[in-house]
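Engineer: What follows is data_34.cif, mmCIF, C-alpha atoms.
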data_entry
loop_
_atom_site.label_atom_id
_atom_site.label_comp_id
_atom_site.auth_asym_id
_atom_site.auth_seq_id
_atom_site.Cartn_x
_atom_site.Cartn_y
_atom_site.Cartn_z
CA MET A 1 -68.97 31.90 -108.09
CA SER A 2 -66.15 33.18 -110.20
CA TRP A 3 -63.29 30.85 -111.03
CA PHE A 4 -61.56 33.18 -113.47
CA GLY A 5 -61.69 36.68 -112.01
CA PHE A 6 -64.19 39.27 -110.93
CA GLU A 7 -67.88 38.98 -111.54
CA THR A 8 -70.88 40.84 -110.22
CA ALA A 9 -72.77 39.67 -107.16
CA PRO A 10 -75.74 37.25 -107.49
CA ALA A 11 -79.30 38.48 -107.91
CA PRO A 12 -80.41 40.60 -104.95
CA PHE A 13 -81.60 38.73 -101.91
CA PRO A 14 -83.92 39.01 -100.11
CA LYS A 15 -86.25 39.60 -103.04
CA THR A 16 -88.38 41.90 -100.89
CA PRO A 17 -86.52 43.93 -98.24
CA ALA A 18 -87.55 42.81 -94.77
CA THR A 19 -89.52 45.14 -92.54
CA ARG A 20 -88.39 44.91 -88.94
CA ILE A 21 -90.71 43.10 -86.55
CA ALA A 22 -90.49 42.79 -82.79
CA ASP A 23 -87.47 40.86 -81.54
CA PRO A 24 -87.94 37.99 -79.07
CA VAL A 25 -88.05 38.96 -75.39
CA ASP A 26 -86.99 35.76 -73.60
CA VAL A 27 -84.03 34.29 -75.45
CA VAL A 28 -82.58 31.04 -74.12
CA CYS A 29 -78.82 31.35 -74.48
CA SER A 30 -76.35 28.53 -74.94
CA PRO A 31 -75.27 26.86 -71.67
CA ALA A 32 -72.54 28.92 -70.00
CA ARG A 33 -69.23 27.12 -69.56
CA ALA A 34 -67.01 27.41 -66.51
CA VAL A 35 -63.96 29.36 -67.67
CA SER A 36 -60.69 28.62 -65.89
CA SER A 37 -58.34 30.04 -68.52
CA LEU A 38 -58.36 32.22 -71.63
CA GLU A 39 -54.64 32.09 -72.34
CA ALA A 40 -53.62 31.53 -75.95
CA PRO A 41 -50.42 33.38 -76.90
CA LEU A 42 -49.90 33.60 -80.64
CA ASP A 43 -46.83 31.34 -80.56
CA SER A 44 -49.10 28.52 -79.30
CA PHE A 45 -51.20 28.52 -82.50
CA ARG A 46 -49.83 25.40 -84.19
CA TRP A 47 -51.13 22.90 -86.71
CA SER A 48 -52.06 19.64 -85.00
CA LEU A 49 -53.11 17.30 -87.87
CA ASP A 50 -54.06 14.72 -85.24
CA PHE A 51 -57.69 13.52 -85.07
CA PRO A 52 -59.12 10.53 -83.15
CA ALA A 53 -61.67 10.25 -85.98
CA ALA A 54 -62.16 11.90 -89.37
CA GLY A 55 -61.95 15.67 -89.16
CA ASN A 56 -60.87 19.04 -90.50
CA GLU A 57 -58.31 21.60 -89.38
CA ALA A 58 -58.09 25.12 -90.75
CA PHE A 59 -56.27 28.42 -90.47
CA THR A 60 -58.68 31.18 -91.56
CA PHE A 61 -57.92 34.90 -91.80
CA TYR A 62 -60.79 37.38 -92.22
CA PHE A 63 -60.18 40.94 -93.49
CA SER A 64 -62.53 43.93 -93.05
CA LEU A 65 -60.84 46.67 -95.06
CA ASP A 66 -61.06 50.44 -95.00
CA ASP A 67 -62.15 50.62 -98.65
CA GLY A 68 -65.27 48.57 -97.86
CA ALA A 69 -63.93 45.23 -99.09
CA PHE A 70 -64.36 41.99 -97.12
CA ALA A 71 -62.14 38.96 -97.67
CA LEU A 72 -61.05 35.64 -96.28
CA VAL A 73 -58.01 33.45 -96.90
CA GLN A 74 -58.26 29.87 -95.69
CA LEU A 75 -56.16 26.71 -95.72
CA VAL A 76 -57.90 23.45 -94.75
CA TYR A 77 -56.44 20.02 -93.98
CA SER A 78 -59.08 17.27 -94.00
CA THR A 79 -59.18 13.53 -93.31
CA LEU A 80 -62.88 13.11 -94.13
CA GLY A 81 -62.24 11.19 -97.36
CA LEU A 82 -60.37 8.00 -98.11
CA GLY A 83 -57.15 9.92 -97.43
CA PRO A 84 -56.00 13.38 -96.38
CA SER A 85 -56.87 16.30 -98.67
CA ILE A 86 -56.07 20.01 -98.85
CA GLN A 87 -58.18 23.00 -99.79
CA MET A 88 -56.95 26.56 -100.34
CA ILE A 89 -59.64 29.24 -100.50
CA LEU A 90 -59.48 32.92 -101.42
CA ARG A 91 -62.67 35.01 -101.38
CA TRP A 92 -62.55 38.74 -102.01
CA TYR A 93 -65.69 40.91 -102.03
CA ASN A 94 -65.38 44.56 -103.07
CA ALA A 95 -67.61 47.45 -102.02
CA ASP A 96 -68.86 47.78 -105.63
CA LYS A 97 -70.23 44.20 -105.35
CA THR A 98 -67.63 42.64 -107.65
CA LYS A 99 -65.89 39.59 -106.24
CA PHE A 100 -63.07 37.14 -106.78
CA CYS A 101 -63.51 33.58 -105.47
CA ARG A 102 -61.11 30.71 -105.97
CA THR A 103 -60.84 27.25 -104.37
CA LEU A 104 -57.85 25.02 -105.11
CA SER A 105 -57.24 21.40 -104.12
CA PRO A 106 -53.48 20.79 -104.33
CA ALA A 107 -51.60 17.55 -103.70
CA VAL A 108 -51.23 16.66 -100.01
CA ALA A 109 -47.46 16.39 -100.46
CA SER A 110 -47.33 20.14 -101.16
CA PHE A 111 -48.60 20.92 -97.64
CA LEU A 112 -45.30 21.82 -95.94
CA LEU A 113 -45.15 22.77 -92.26
CA SER A 114 -42.33 24.57 -90.50
CA ASP A 115 -40.42 22.63 -87.85
CA ASP A 116 -42.50 24.25 -85.10
CA ASN A 117 -45.86 23.76 -86.95
CA ARG A 118 -46.60 27.49 -86.73
CA SER A 119 -46.11 28.27 -90.42
CA VAL A 120 -47.27 26.51 -93.56
CA THR A 121 -46.59 26.74 -97.28
CA CYS A 122 -48.82 25.02 -99.83
CA GLU A 123 -48.16 25.84 -103.48
CA GLU A 124 -49.84 29.24 -104.07
CA PHE A 125 -50.57 29.90 -100.36
CA SER A 126 -48.20 30.79 -97.51
CA PHE A 127 -48.97 31.64 -93.87
CA GLN A 128 -45.70 32.55 -92.16
CA TYR A 129 -45.58 33.18 -88.41
CA VAL A 130 -43.57 36.27 -87.48
CA PRO A 131 -42.27 36.08 -83.87
CA GLY A 132 -43.76 38.99 -81.96
CA GLY A 133 -45.43 40.35 -85.07
CA GLY A 134 -48.27 38.10 -86.19
CA TYR A 135 -48.38 36.55 -89.68
CA LYS A 136 -47.25 37.24 -93.20
CA ILE A 137 -49.97 36.05 -95.58
CA SER A 138 -49.16 35.46 -99.24
CA VAL A 139 -51.30 34.17 -102.10
CA ASN A 140 -50.08 34.04 -105.69
CA ILE A 141 -52.45 32.67 -108.33
CA GLY A 142 -50.47 33.87 -111.32
CA GLU A 143 -51.94 36.81 -113.24
CA GLU A 144 -55.38 36.26 -111.72
CA ALA A 145 -54.73 37.29 -108.14
CA ALA A 146 -52.03 37.98 -105.59
CA VAL A 147 -52.32 38.87 -101.90
CA ASP A 148 -49.41 40.07 -99.79
CA VAL A 149 -50.44 41.38 -96.36
CA SER A 150 -49.21 41.53 -92.78
CA PHE A 151 -51.59 40.47 -90.00
CA GLU A 152 -50.61 42.04 -86.66
CA PRO A 153 -52.68 41.19 -83.53
CA VAL A 154 -54.00 44.10 -81.49
CA CYS A 155 -54.92 42.30 -78.26
CA GLY A 156 -53.37 38.82 -78.54
CA GLY A 157 -55.26 35.55 -78.81
CA PHE A 158 -57.60 33.54 -76.61
CA LYS A 159 -59.29 30.18 -76.22
CA VAL A 160 -61.82 28.98 -73.64
CA ASN A 161 -59.97 26.59 -71.30
CA ASP A 162 -58.23 24.10 -73.64
CA GLY A 163 -60.33 25.36 -76.57
CA ARG A 164 -62.15 22.05 -76.96
CA THR A 165 -65.91 21.37 -76.76
CA LEU A 166 -66.80 17.67 -76.70
CA PHE A 167 -69.96 16.34 -78.35
CA GLY A 168 -70.11 13.44 -75.90
CA GLU A 169 -67.99 12.05 -73.11
CA SER A 170 -64.75 11.56 -75.02
CA PRO A 171 -62.93 13.11 -78.01
CA VAL A 172 -63.58 9.92 -80.01
CA GLU A 173 -67.26 10.88 -80.21
CA GLY A 174 -66.39 14.19 -81.82
CA PHE A 175 -65.46 17.73 -80.81
CA VAL A 176 -64.85 21.28 -81.97
CA GLU A 177 -61.64 23.01 -80.91
CA ALA A 178 -61.04 26.69 -81.59
CA GLU A 179 -58.69 29.53 -80.71
CA PHE A 180 -59.00 33.11 -81.89
CA VAL A 181 -57.20 36.36 -82.52
CA PRO A 182 -60.32 38.60 -82.32
CA LYS A 183 -58.73 41.77 -83.65
CA ALA A 184 -55.68 42.66 -85.73
CA THR A 185 -54.44 45.33 -88.09
CA VAL A 186 -54.10 44.30 -91.72
CA ILE A 187 -51.83 46.16 -94.15
CA GLY A 188 -50.34 45.24 -97.51
CA SER A 189 -51.31 44.97 -101.16
CA VAL A 190 -53.52 42.95 -103.50
CA THR A 191 -53.35 42.45 -107.26
CA PHE A 192 -56.21 41.35 -109.49
CA ASP A 193 -55.85 41.00 -113.26
CA GLY A 194 -52.53 42.84 -113.12
CA VAL A 195 -53.89 45.85 -111.19
CA LYS A 196 -52.17 46.33 -107.83
CA LYS A 197 -53.51 48.41 -104.95
CA ASN A 198 -52.64 48.95 -101.29
CA VAL A 199 -55.07 47.77 -98.61
CA ALA A 200 -55.45 48.37 -94.88
CA GLY A 201 -58.02 47.53 -92.24
CA SER A 202 -58.91 45.09 -89.48
CA GLY A 203 -58.70 41.33 -89.26
CA LEU A 204 -59.70 38.23 -87.30
CA PHE A 205 -57.85 34.90 -87.18
CA LEU A 206 -59.48 31.56 -86.37
CA HIS A 207 -57.64 28.27 -85.87
CA ALA A 208 -60.23 25.49 -85.70
CA LEU A 209 -60.32 21.68 -85.52
CA GLN A 210 -63.56 19.84 -86.12
CA CYS A 211 -63.56 16.12 -85.42
CA SER A 212 -66.61 14.35 -86.90
CA PRO A 213 -67.99 17.71 -88.10
CA GLN A 214 -70.82 15.95 -89.95
CA TYR A 215 -72.61 15.62 -86.59
CA VAL A 216 -73.17 19.40 -86.34
CA SER A 217 -76.48 20.61 -87.81
CA LYS A 218 -76.00 24.40 -87.90
CA TRP A 219 -73.18 26.93 -87.67
CA THR A 220 -73.42 30.65 -86.92
CA PHE A 221 -70.38 32.88 -87.31
CA LEU A 222 -70.51 36.67 -86.96
CA ASN A 223 -67.61 39.08 -87.21
CA PHE A 224 -68.10 42.82 -86.71
CA GLN A 225 -65.06 45.10 -86.99
CA THR A 226 -64.44 48.83 -86.60
CA LYS A 227 -61.11 50.63 -86.31
CA ASP A 228 -60.81 50.09 -82.53
CA ASP A 229 -63.59 47.64 -81.60
CA SER A 230 -64.90 44.24 -82.59
CA ILE A 231 -67.57 41.69 -81.68
CA MET A 232 -67.39 38.03 -82.69
CA LEU A 233 -69.75 35.05 -82.30
CA TYR A 234 -68.80 31.43 -83.06
CA GLU A 235 -71.71 29.07 -82.40
CA PHE A 236 -72.88 25.61 -83.43
CA ASP A 237 -76.00 23.52 -82.81
CA MET A 238 -76.33 19.75 -82.65
CA PRO A 239 -79.28 18.02 -84.39
CA LYS A 240 -82.49 17.93 -82.37
CA GLU A 241 -82.61 14.15 -82.66
CA SER A 242 -79.01 13.79 -81.47
CA SER A 243 -78.31 11.45 -78.56
CA TYR A 244 -75.55 13.74 -77.28
CA ALA A 245 -76.12 15.78 -74.13
CA LEU A 246 -74.64 18.80 -75.89
CA THR A 247 -77.26 20.84 -77.74
CA CYS A 248 -75.47 24.12 -78.49
CA ALA A 249 -72.06 25.64 -77.81
CA SER A 250 -71.11 29.26 -78.30
CA THR A 251 -68.05 31.48 -77.92
CA GLY A 252 -68.16 35.25 -78.19
CA SER A 253 -65.62 38.02 -77.79
CA ILE A 254 -65.87 41.77 -77.24
CA VAL A 255 -62.94 44.07 -78.01
CA ARG A 256 -63.21 47.69 -76.90
CA ASN A 257 -60.61 50.35 -77.70
CA GLY A 258 -58.12 47.69 -78.79
CA LYS A 259 -58.46 45.67 -75.58
CA LEU A 260 -60.15 42.30 -75.06
CA LEU A 261 -63.00 43.31 -72.77
CA ALA A 262 -64.84 39.99 -72.42
CA VAL A 263 -65.11 36.42 -73.66
CA THR A 264 -68.65 35.06 -73.41
CA THR A 265 -70.05 31.54 -73.59
CA ALA A 266 -73.78 32.18 -72.92
CA ASN A 267 -74.87 33.63 -76.26
CA ARG A 268 -77.47 33.09 -78.94
CA ALA A 269 -78.27 33.94 -82.53
CA VAL A 270 -82.02 33.88 -83.27
CA HIS A 271 -83.41 33.86 -86.81
CA VAL A 272 -86.35 36.24 -86.33
CA GLN A 273 -87.38 36.38 -89.99
CA LYS A 274 -86.42 34.09 -92.86
CA GLU A 275 -87.03 33.97 -96.61
CA LEU A 276 -86.89 30.92 -98.85
CA ASP A 277 -83.99 31.04 -101.33
CA ASP A 278 -85.70 28.70 -103.77
CA ALA A 279 -83.53 29.74 -106.72
CA PHE A 280 -80.33 28.30 -105.25
CA SER A 281 -80.51 26.10 -102.18
CA GLY A 282 -84.06 25.76 -100.92
CA TYR A 283 -82.85 27.13 -97.59
CA GLU A 284 -84.74 29.60 -95.48
CA VAL A 285 -82.17 32.39 -95.23
CA PRO A 286 -82.41 34.71 -92.20
CA THR A 287 -83.37 38.28 -93.08
CA GLN A 288 -83.65 39.52 -89.49
CA LEU A 289 -81.31 38.38 -86.71
CA PHE A 290 -81.43 38.95 -82.98
CA LEU A 291 -78.07 38.38 -81.27
CA VAL A 292 -77.27 38.11 -77.57
CA TRP A 293 -73.91 38.00 -75.77
CA THR A 294 -73.80 37.56 -71.96
CA GLY A 295 -70.86 37.01 -69.63
CA LYS A 296 -68.30 38.71 -67.41
CA THR A 297 -65.63 41.26 -68.20
CA LYS A 298 -62.19 39.72 -68.39
CA ASP A 299 -60.35 41.90 -65.84
CA THR A 300 -63.04 43.23 -63.46
CA ASN A 301 -65.56 40.33 -63.52
CA GLU A 302 -68.48 42.70 -64.11
CA ASP A 303 -71.64 41.58 -65.87
CA VAL A 304 -71.78 42.32 -69.58
CA ARG A 305 -74.68 41.88 -71.98
CA ILE A 306 -75.05 42.94 -75.61
CA GLU A 307 -78.24 42.68 -77.64
CA MET A 308 -78.14 43.40 -81.35
CA SER A 309 -80.94 43.41 -83.92
CA ILE A 310 -79.97 43.25 -87.59
CA LEU A 311 -81.89 43.43 -90.84
CA GLN A 312 -79.90 41.56 -93.49
CA ALA A 313 -80.28 43.19 -96.87
CA ASN A 314 -76.98 42.56 -98.64
CA MET A 315 -76.16 38.95 -99.51
CA LEU A 316 -72.55 38.82 -100.67
CA ASP A 317 -72.56 35.31 -102.06
CA ARG A 318 -74.16 31.91 -102.16
CA ILE A 319 -71.69 29.08 -101.63
CA ASP A 320 -72.35 25.49 -102.71
CA VAL A 321 -70.03 23.85 -100.19
CA LEU A 322 -70.29 20.36 -101.68
CA SER A 323 -69.21 21.51 -105.14
CA GLU A 324 -65.95 22.85 -103.66
CA LEU A 325 -64.91 19.60 -102.01
CA PRO A 326 -62.20 17.44 -103.60
CA PHE A 327 -63.54 15.13 -106.32
CA LEU A 328 -63.28 11.82 -104.43
CA LEU A 329 -64.76 13.17 -101.20
CA ARG A 330 -67.64 14.73 -103.14
CA LYS A 331 -68.38 11.42 -104.84
CA LEU A 332 -68.25 9.60 -101.47
CA ILE A 333 -70.82 11.98 -99.97
CA VAL A 334 -73.10 11.69 -102.99
CA MET A 335 -72.89 7.88 -102.85
CA PHE A 336 -74.07 7.81 -99.24
CA SER A 337 -76.68 10.57 -99.45
CA ALA A 338 -79.62 8.49 -100.72
CA THR A 339 -81.03 7.54 -97.33
CA PHE A 340 -80.25 10.73 -95.38
CA ALA A 341 -83.17 12.65 -93.95
CA PRO A 342 -84.19 15.62 -96.17
CA ASP A 343 -83.13 18.22 -93.60
CA ARG A 344 -79.64 16.73 -93.59
CA ILE A 345 -79.04 16.85 -97.35
CA GLU A 346 -80.28 20.33 -98.24
CA PRO A 347 -76.76 21.72 -98.90
CA GLU A 348 -75.96 18.79 -101.15
CA GLN A 349 -79.36 18.33 -102.77
CA LYS A 350 -78.70 20.17 -106.01
CA VAL A 351 -75.28 18.65 -106.63
CA SER A 352 -76.42 15.16 -105.57
CA GLN A 353 -79.29 15.19 -108.05
CA GLU A 354 -77.01 16.34 -110.86
CA SER A 355 -74.44 13.68 -110.00
CA ARG A 356 -77.06 10.93 -110.00
CA ALA A 357 -78.26 12.09 -113.40
CA ARG A 358 -74.74 11.97 -114.81
CA ASP A 359 -74.16 8.55 -113.28
CA GLY A 360 -77.30 7.15 -114.87
CA GLY A 361 -79.42 7.10 -111.71
CA SER A 362 -83.18 7.02 -111.90
CA LYS A 363 -85.34 9.73 -110.37
CA ASP A 364 -87.93 7.03 -109.65
CA LEU A 365 -85.63 5.10 -107.32
CA SER A 366 -86.02 5.55 -103.57
CA ALA A 367 -84.28 4.14 -100.52
CA ASN A 368 -85.84 1.36 -98.48
CA ALA A 369 -87.90 3.02 -95.75
CA ASN A 370 -86.83 0.31 -93.30
CA ILE A 371 -83.19 1.33 -93.59
CA GLU A 372 -81.66 3.93 -91.34
CA GLN A 373 -78.24 4.90 -92.67
CA ARG A 374 -75.52 6.46 -90.57
CA VAL A 375 -72.04 6.99 -91.96
CA GLU A 376 -68.99 7.47 -89.78
CA VAL A 377 -65.48 7.63 -91.25
CA LEU A 378 -62.92 6.04 -88.93
CA THR A 379 -59.18 6.56 -89.26
CA ASP A 380 -57.41 3.65 -87.57
CA ASN A 381 -59.77 3.73 -84.58
CA ARG A 382 -60.63 0.16 -83.69
CA ALA A 383 -61.96 1.08 -80.26
CA ARG A 384 -64.55 3.38 -81.80
CA LEU A 385 -65.49 0.73 -84.38
CA ALA A 386 -65.98 -1.84 -81.61
CA ALA A 387 -68.14 0.59 -79.65
CA LEU A 388 -70.31 1.29 -82.71
CA LEU A 389 -70.79 -2.40 -83.42
CA ARG A 390 -71.78 -3.09 -79.80
CA ASP A 391 -74.26 -0.22 -79.91
CA TYR A 392 -75.92 -1.19 -83.18
CA HIS A 393 -76.08 -4.90 -82.34
CA LYS A 394 -77.82 -4.55 -78.98
CA THR A 395 -81.05 -6.00 -80.43
CA ARG A 396 -79.23 -8.63 -82.50
CA LYS A 397 -81.55 -7.66 -85.38
CA ASN A 398 -79.55 -4.90 -87.03
CA ARG A 399 -77.09 -5.37 -89.85
CA VAL A 400 -74.01 -3.18 -90.22
CA MET A 401 -71.88 -2.64 -93.32
CA VAL A 402 -68.23 -1.69 -92.74
CA PHE A 403 -66.11 -0.41 -95.65
CA ALA A 404 -62.36 -0.91 -95.21
CA LEU A 405 -59.26 -0.12 -97.23
CA CYS A 406 -57.59 -3.05 -98.95
CA LYS A 407 -54.22 -1.93 -97.65
CA LYS A 408 -53.27 -1.05 -94.11
CA GLU A 409 -54.54 2.23 -92.76
CA LYS A 410 -52.89 5.34 -94.14
CA LYS A 411 -50.59 7.03 -91.69
CA LEU A 412 -50.04 10.72 -91.42
CA ASP A 413 -46.54 12.11 -91.61
CA ALA A 414 -47.16 15.28 -89.62
CA ASN A 415 -43.65 16.59 -90.26
CA HIS A 416 -44.17 16.77 -93.99
CA GLY A 417 -47.95 16.92 -94.27
CA ALA A 418 -47.98 13.81 -96.44
CA PHE A 419 -49.39 10.33 -95.92
CA THR A 420 -47.80 6.97 -96.59
CA LYS A 421 -49.00 3.38 -96.63
CA ASP A 422 -47.42 0.38 -94.94
CA ILE A 423 -47.61 -2.08 -97.83
CA ASP A 424 -45.72 -4.98 -99.25
CA PRO A 425 -42.31 -3.57 -100.34
CA ASN A 426 -42.52 -5.69 -103.49
CA ALA A 427 -45.84 -4.22 -104.54
CA LYS A 428 -46.02 -1.81 -107.47
CA ALA A 429 -46.43 1.87 -106.70
CA THR A 430 -49.12 3.54 -108.78
CA LYS A 431 -49.81 7.26 -108.92
CA VAL A 432 -53.39 8.27 -109.65
CA THR A 433 -54.33 11.89 -110.37
CA PHE A 434 -57.89 13.16 -110.45
CA GLY A 435 -58.99 16.39 -112.09
CA ASN A 436 -61.25 19.00 -110.57
CA ASP A 437 -64.13 18.32 -112.93
CA ASP A 438 -66.77 15.63 -112.68
CA ASP A 439 -65.82 13.68 -115.82
#
Just give me the structure of the file as structure tokens.

Structural biologist:
Amino acid sequence: MSWFGFETAPAPFPKTPATRIADPVDVVCSPARAVSSLEAPLDSFRWSLDFPAAGNEAFTFYFSLDDGAFALVQLVYSTLGLGPSIQMILRWYNADKTKFCRTLSPAVASFLLSDDNRSVTCEEFSFQYVPGGGYKISVNIGEEAAVDVSFEPVCGGFKVNDGRTLFGESPVEGFVEAEFVPKATVIGSVTFDGVKKNVAGSGLFLHALQCSPQYVSKWTFLNFQTKDDSIMLYEFDMPKESSYALTCASTGSIVRNGKLLAVTTANRAVHVQKELDDAFSGYEVPTQLFLVWTGKTKDTNEDVRIEMSILQANMLDRIDVLSELPFLLRKLIVMFSATFAPDRIEPEQKVSQESRARDGGSKDLSANANIEQRVEVLTDNRARLAALLRDYHKTRKNRVMVFALCKKEKKLDANHGAFTKDIDPNAKATKVTFGNDDD
């Protein structure tokens, strides 16, 4: 990826263009959910910053522009590490295959919410809610890049019921919560390396909370936009070996002529053909997709079904997610990755191996085969800790290691987006700053 401006796209992938084969006939869709409400007016999209366990919350804006460019601007608040962290992400892909990608990890104290939690400013990024008019999105990374656009919804927002899908029986066990603006007009300007140009096109906005997101094994997100229409799919799968009843959850939307035609929950994305990307991740990347949306129209309750077959021949980017995490969180994941099953550590494999080499680890070392390691980060959740201990100690033969902070649990100040510690008032306050490199 480029940290300092535009660069050309990675080597072409797939190496050999896929030839279409027959799509599956009998596709098993995700279980349909009973829908009692789809209401989600834009003024209800507010930052929560409240998780029963470690989690992430993000505002993400996607742009599909008339000049062929595709972009996303994202602000993430996470409690997955030893304390809250922030990530600001700008990715801009031009039609000529040049791109600009930048990820910043500012201080948590710079994450400033408005009084109503609808708007946020964080150093170079600003998402400002405009009553009755959507959002004003601003990014200013000095001479490298600047984005100044208006995001105006075409057909309002929606969420399925309360927007939340539970992994188990209670939120403590984990959940995904999402609300969407499936279509919007985007207009404004962008500047790269001092060159400014006007942009216009379509957009999609996603507000998502993921509590214990490490339990999800696969995500599928598709966003198709034209001037008047759009189709979206937001789907996740749980691991096959998971003890949760939930196996897959999916939300789709269909916008036709600027109107929300349907929201679907019985959908599926099937990887018909795949090719090994051995040069980067070792993943089998889908080269042919078969997509299915099924449900009812929003206003007339008529059956709706869309089937779409796609040959994927234009990979925009490869993203090493682990390398973009804040330094401490990345080190924490690497530390605990030694005993994870291979299919769980594929995204981190390359970075983990490099980190072990830098830290003096031996390639000949291996984890004890008798040890099954599960890591769950708890944020002041004693009930969940007690439940875990009861579960793991049923046989009275297991041993559990619990890591705890030396001070009292960090508390979130939701009004200012900062965290404080309840400590001895006579103790010394020490500020520690970590760089973005791995030194």

Engineer: Taking the file as shown, find all residues satisfying the PyMOL selection byres ((chain A and resi 44-49) around 6) and write them as JSON, numbers by chain.

Structural biologist: {"A": [41, 42, 43, 50, 117, 118]}

Engineer: Mind telling me what the PyMOL selection byres ((chain A and resi 163) around 7) catches here, as a list in words?

Structural biologist: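 Listing what the PyMOL selection byres ((chain A and resi 163) around 7) selects in the shown file: Lys159, Val160, Asn161, Asp162, Arg164, Thr165, Glu177, Ala178 and Glu179 of chain A.
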
Engineer: So, counting all atoms listed in the file, which residue among A:Pro52, A:Leu316, A:Ser30, A:Ile141 is closest to A:Ala69?

Structural biologist: A:Leu316

Engineer: Please write the residues picked by the PyMOL selection byres ((chain A and resi 206) around 12) on this file as a PyMOL selection string.

Structural biologist: chain A and resi 40+42+45-46+57-63+72-76+157-159+163+177-184+203-205+207-209+221+223+232-234

Engineer: How many Å separate atom CA of A:Phe192 from atom CA of A:Ser114?

Structural biologist: 28.9 Å

Engineer: Using only C-alpha atoms, find the one residue out of A:Asp26, A:Glu152, A:Asp115, A:Glu39 that sits nearest to A:Gly132.

Structural biologist: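 Under the stated criterion, the closest residue is A:Glu152.
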
Engineer: Restricting the calculation to all atoms listed in the file, which member of A:Ser64, A:Ser138, A:Ser250, A:Thr287 is positioned closest to A:Lys227?

Structural biologist: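 Under the stated criterion, the closest residue is A:Ser64.
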
Engineer: If we count all atoms listed in the file and set the cut-off at 10 Å, which residues sit around A:Gly142, ignoring sequence neighbours fewer than 3 positions away in its own chain? Please answer as a list of chain:residue names.

Structural biologist: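 Using all atoms listed in the file, the neighbours found are A:Glu124, A:Val139, A:Ala145, A:Ala146, A:Thr191, A:Phe192, A:Asp193, A:Gly194.
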
Engineer: Just the number, please: distance in Å from atom CA of A:Asn140 to atom CA of A:Phe127, one decimal.

Structural biologist: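 Between atom CA of A:Asn140 and atom CA of A:Phe127 the gap works out to 12.1 Å.
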
Engineer: With distances taken over only C-alpha atoms, which of A:Ile21, A:Val130, A:Ala387, A:Leu65 is nearest to A:Leu289?

Structural biologist: A:Ile21
